[in-house]
Amino acid sequence: MDTIRLLPALVAGLLYTAASAADTPQAANGQKIYESNCAACHGKKGEGRGAAFPPLFRSDYIMNKPHVLLHSMVKGINGPIKVNGKSYNGFMPATAISDADAAAVAAYIMTAFGNGGGTVTEKDVRQAKNKKP
């Protein structure tokens, strides 16, 4: 019975989190950059595109792992990966955007697409760029 009463509050909380994902300046900027640079392949809502481009929405590949997202963004991906149980074997080039913009996009993807949220900084981006494979 208590679970039934808590369900509306939980749903409202989730909707608030999704609605407020772009409420910070970094996330709002990240949304604009995402829509200009990433949405063509990964979809406006991170849903992915067929067998070629994996989803970013609730993606087990990056869930609670912003460092994995950043590595993918700054180093690119070439070869097979598995996302949400589905195999993808393609190529994603490294992003050609500033560290501040990469941090904003990563923060947006982690927050707006239900990947565990979190803050992503320019320092995090630089660390991802300098990390050896």
# chains A, B, ... in the order shown; residues from 1 in each chain; ligands from 1
>>> select_by_dssp(residues="segment 11-125 of chain A", states="strand (DSSP E)", output="PyMOL selection string")
chain A and resi 77-83+86-92
>>> atom_distance(atom1="atom CA of Ile109 of chain A", atom2="atom CA of Leu56 of chain A")
7.1 Å
>>> residues_around(residues="Asp101 of chain A", least_positions_apart="5", cutoff="10 Å", atoms="only C-alpha atoms", output="PyMOL selection string")
chain A and resi 26+29-30+32-34+95-96+106-107+121-122+125
>>> write_last_selection(atoms="C-alpha atoms", output="JSON list (two decimals), in the first residue's frame")
[["chain", "number", "residue", "atom", "x", "y", "z"],
["A", 26, "GLN", "CA", 26.43, 24.00, -18.45],
["A", 29, "ASN", "CA", 24.88, 24.74, -23.34],
["A", 30, "GLY", "CA", 25.52, 21.00, -23.54],
["A", 32, "LYS", "CA", 22.63, 22.97, -27.74],
["A", 33, "ILE", "CA", 26.01, 21.47, -28.60],
["A", 34, "TYR", "CA", 24.59, 17.93, -28.48],
["A", 95, "THR", "CA", 34.96, 15.21, -31.17],
["A", 96, "ALA", "CA", 36.43, 18.42, -32.49],
["A", 106, "ALA", "CA", 29.00, 14.96, -21.38],
["A", 107, "ALA", "CA", 27.18, 16.49, -18.42],
["A", 121, "THR", "CA", 34.62, 19.40, -15.80],
["A", 122, "GLU", "CA", 37.17, 20.61, -18.33],
["A", 125, "VAL", "CA", 38.09, 16.15, -20.40]]
>>> residues_around(residues="segment 41-55 of chain A", least_positions_apart="4", cutoff="12 Å", atoms="only C-alpha atoms", output="PyMOL selection string")
chain A and resi 18+31-37+59-63+77+79-93+108-115
>>> write_last_selection(atoms="N, CA, C and O atoms", output="short mmCIF file (atom, residue, chain, number, x, y, z; two decimals), in the first residue's frame")
data_model
loop_
_atom_site.label_atom_id
_atom_site.label_comp_id
_atom_site.auth_asym_id
_atom_site.auth_seq_id
_atom_site.Cartn_x
_atom_site.Cartn_y
_atom_site.Cartn_z
N ALA A 18 14.35 15.03 -15.26
CA ALA A 18 14.49 15.14 -16.71
C ALA A 18 14.23 16.56 -17.17
O ALA A 18 14.94 17.09 -18.03
N GLN A 31 23.17 20.84 -24.13
CA GLN A 31 22.05 20.42 -24.96
C GLN A 31 22.17 21.03 -26.35
O GLN A 31 21.99 20.34 -27.36
N LYS A 32 22.48 22.30 -26.43
CA LYS A 32 22.63 22.97 -27.74
C LYS A 32 23.74 22.33 -28.55
O LYS A 32 23.58 22.07 -29.75
N ILE A 33 24.87 22.08 -27.91
CA ILE A 33 26.01 21.47 -28.60
C ILE A 33 25.67 20.05 -29.03
O ILE A 33 26.00 19.62 -30.14
N TYR A 34 25.01 19.30 -28.15
CA TYR A 34 24.59 17.93 -28.48
C TYR A 34 23.70 17.94 -29.72
O TYR A 34 23.90 17.16 -30.65
N GLU A 35 22.71 18.82 -29.72
CA GLU A 35 21.77 18.87 -30.84
C GLU A 35 22.46 19.26 -32.14
O GLU A 35 22.07 18.80 -33.21
N SER A 36 23.52 20.05 -32.07
CA SER A 36 24.26 20.47 -33.27
C SER A 36 25.27 19.43 -33.75
O SER A 36 25.56 19.36 -34.93
N ASN A 37 25.82 18.65 -32.82
CA ASN A 37 26.95 17.78 -33.16
C ASN A 37 26.70 16.28 -33.02
O ASN A 37 27.40 15.50 -33.65
N SER A 59 22.03 4.20 -21.31
CA SER A 59 23.01 3.31 -21.94
C SER A 59 23.87 2.62 -20.90
O SER A 59 24.58 3.28 -20.14
N ASP A 60 23.85 1.30 -20.88
CA ASP A 60 24.68 0.58 -19.92
C ASP A 60 26.17 0.76 -20.20
O ASP A 60 27.01 0.55 -19.34
N TYR A 61 26.51 1.19 -21.40
CA TYR A 61 27.91 1.43 -21.77
C TYR A 61 28.50 2.60 -20.99
O TYR A 61 29.68 2.59 -20.65
N ILE A 62 27.68 3.61 -20.70
CA ILE A 62 28.17 4.81 -20.01
C ILE A 62 27.48 5.06 -18.67
O ILE A 62 27.86 5.99 -17.95
N MET A 63 26.51 4.25 -18.30
CA MET A 63 25.76 4.45 -17.06
C MET A 63 26.70 4.57 -15.86
O MET A 63 27.49 3.66 -15.60
N ILE A 77 35.70 6.05 -31.23
CA ILE A 77 35.50 4.60 -31.10
C ILE A 77 35.65 4.00 -32.49
O ILE A 77 35.07 4.48 -33.46
N GLY A 79 35.50 0.05 -33.86
CA GLY A 79 35.42 -1.37 -33.58
C GLY A 79 34.19 -1.71 -32.77
O GLY A 79 33.35 -0.86 -32.48
N PRO A 80 34.10 -2.97 -32.39
CA PRO A 80 32.88 -3.46 -31.74
C PRO A 80 32.72 -2.98 -30.30
O PRO A 80 33.68 -2.90 -29.55
N ILE A 81 31.48 -2.66 -29.96
CA ILE A 81 31.08 -2.38 -28.58
C ILE A 81 29.69 -3.00 -28.39
O ILE A 81 29.00 -3.29 -29.37
N LYS A 82 29.31 -3.17 -27.16
CA LYS A 82 27.98 -3.69 -26.85
C LYS A 82 27.28 -2.67 -25.97
O LYS A 82 27.83 -2.22 -24.97
N VAL A 83 26.07 -2.28 -26.37
CA VAL A 83 25.29 -1.31 -25.63
C VAL A 83 23.89 -1.88 -25.41
O VAL A 83 23.22 -2.25 -26.38
N ASN A 84 23.50 -1.96 -24.16
CA ASN A 84 22.18 -2.48 -23.79
C ASN A 84 21.90 -3.83 -24.45
O ASN A 84 20.80 -4.08 -24.93
N GLY A 85 22.92 -4.67 -24.48
CA GLY A 85 22.77 -6.02 -25.00
C GLY A 85 22.85 -6.16 -26.51
O GLY A 85 22.75 -7.26 -27.03
N LYS A 86 23.05 -5.07 -27.21
CA LYS A 86 23.10 -5.11 -28.67
C LYS A 86 24.51 -4.75 -29.14
O LYS A 86 25.13 -3.83 -28.62
N SER A 87 25.01 -5.46 -30.14
CA SER A 87 26.35 -5.22 -30.67
C SER A 87 26.34 -4.14 -31.74
O SER A 87 25.44 -4.09 -32.58
N TYR A 88 27.36 -3.30 -31.68
CA TYR A 88 27.58 -2.25 -32.67
C TYR A 88 29.03 -2.36 -33.11
O TYR A 88 29.92 -2.61 -32.29
N ASN A 89 29.28 -2.20 -34.38
CA ASN A 89 30.65 -2.26 -34.90
C ASN A 89 30.81 -1.16 -35.92
O ASN A 89 30.58 -1.35 -37.10
N GLY A 90 31.18 -0.02 -35.44
CA GLY A 90 31.28 1.13 -36.33
C GLY A 90 32.43 2.02 -35.96
O GLY A 90 33.37 1.62 -35.27
N PHE A 91 32.31 3.25 -36.41
CA PHE A 91 33.34 4.24 -36.18
C PHE A 91 32.70 5.53 -35.71
O PHE A 91 31.72 5.99 -36.30
N MET A 92 33.22 6.08 -34.64
CA MET A 92 32.82 7.40 -34.19
C MET A 92 34.10 8.21 -34.07
O MET A 92 35.02 7.83 -33.33
N PRO A 93 34.19 9.31 -34.80
CA PRO A 93 35.41 10.11 -34.71
C PRO A 93 35.49 10.83 -33.37
O PRO A 93 34.48 11.06 -32.71
N TYR A 108 25.42 16.92 -20.01
CA TYR A 108 24.04 16.83 -20.54
C TYR A 108 23.65 15.37 -20.79
O TYR A 108 22.59 14.92 -20.37
N ILE A 109 24.51 14.61 -21.45
CA ILE A 109 24.22 13.21 -21.76
C ILE A 109 24.06 12.39 -20.47
O ILE A 109 23.15 11.58 -20.36
N MET A 110 24.92 12.63 -19.50
CA MET A 110 24.85 11.88 -18.26
C MET A 110 23.58 12.21 -17.48
O MET A 110 23.00 11.34 -16.83
N THR A 111 23.12 13.45 -17.56
CA THR A 111 21.97 13.89 -16.78
C THR A 111 20.65 13.72 -17.53
O THR A 111 19.74 13.05 -17.05
N ALA A 112 20.55 14.29 -18.70
CA ALA A 112 19.27 14.32 -19.43
C ALA A 112 18.84 12.96 -19.95
O ALA A 112 17.66 12.72 -20.12
N PHE A 113 19.80 12.07 -20.17
CA PHE A 113 19.47 10.78 -20.75
C PHE A 113 19.49 9.65 -19.72
O PHE A 113 19.57 8.48 -20.06
N GLY A 114 19.41 10.01 -18.44
CA GLY A 114 19.26 9.00 -17.39
C GLY A 114 20.46 8.09 -17.21
O GLY A 114 20.30 6.91 -16.95
N ASN A 115 21.66 8.66 -17.31
CA ASN A 115 22.87 7.86 -17.18
C ASN A 115 23.60 8.05 -15.85
O ASN A 115 24.79 7.82 -15.74
#
>>> atom_distance(atom1="atom CA of Asn78 of chain A", atom2="atom CA of Ala28 of chain A")
29.2 Å
>>> select_by_dssp(residues="chain A", states="alpha helix (DSSP H)", output="number ranges by chain")
A: 2-19, 25-37, 39-42, 66-75, 99-112, 122-130
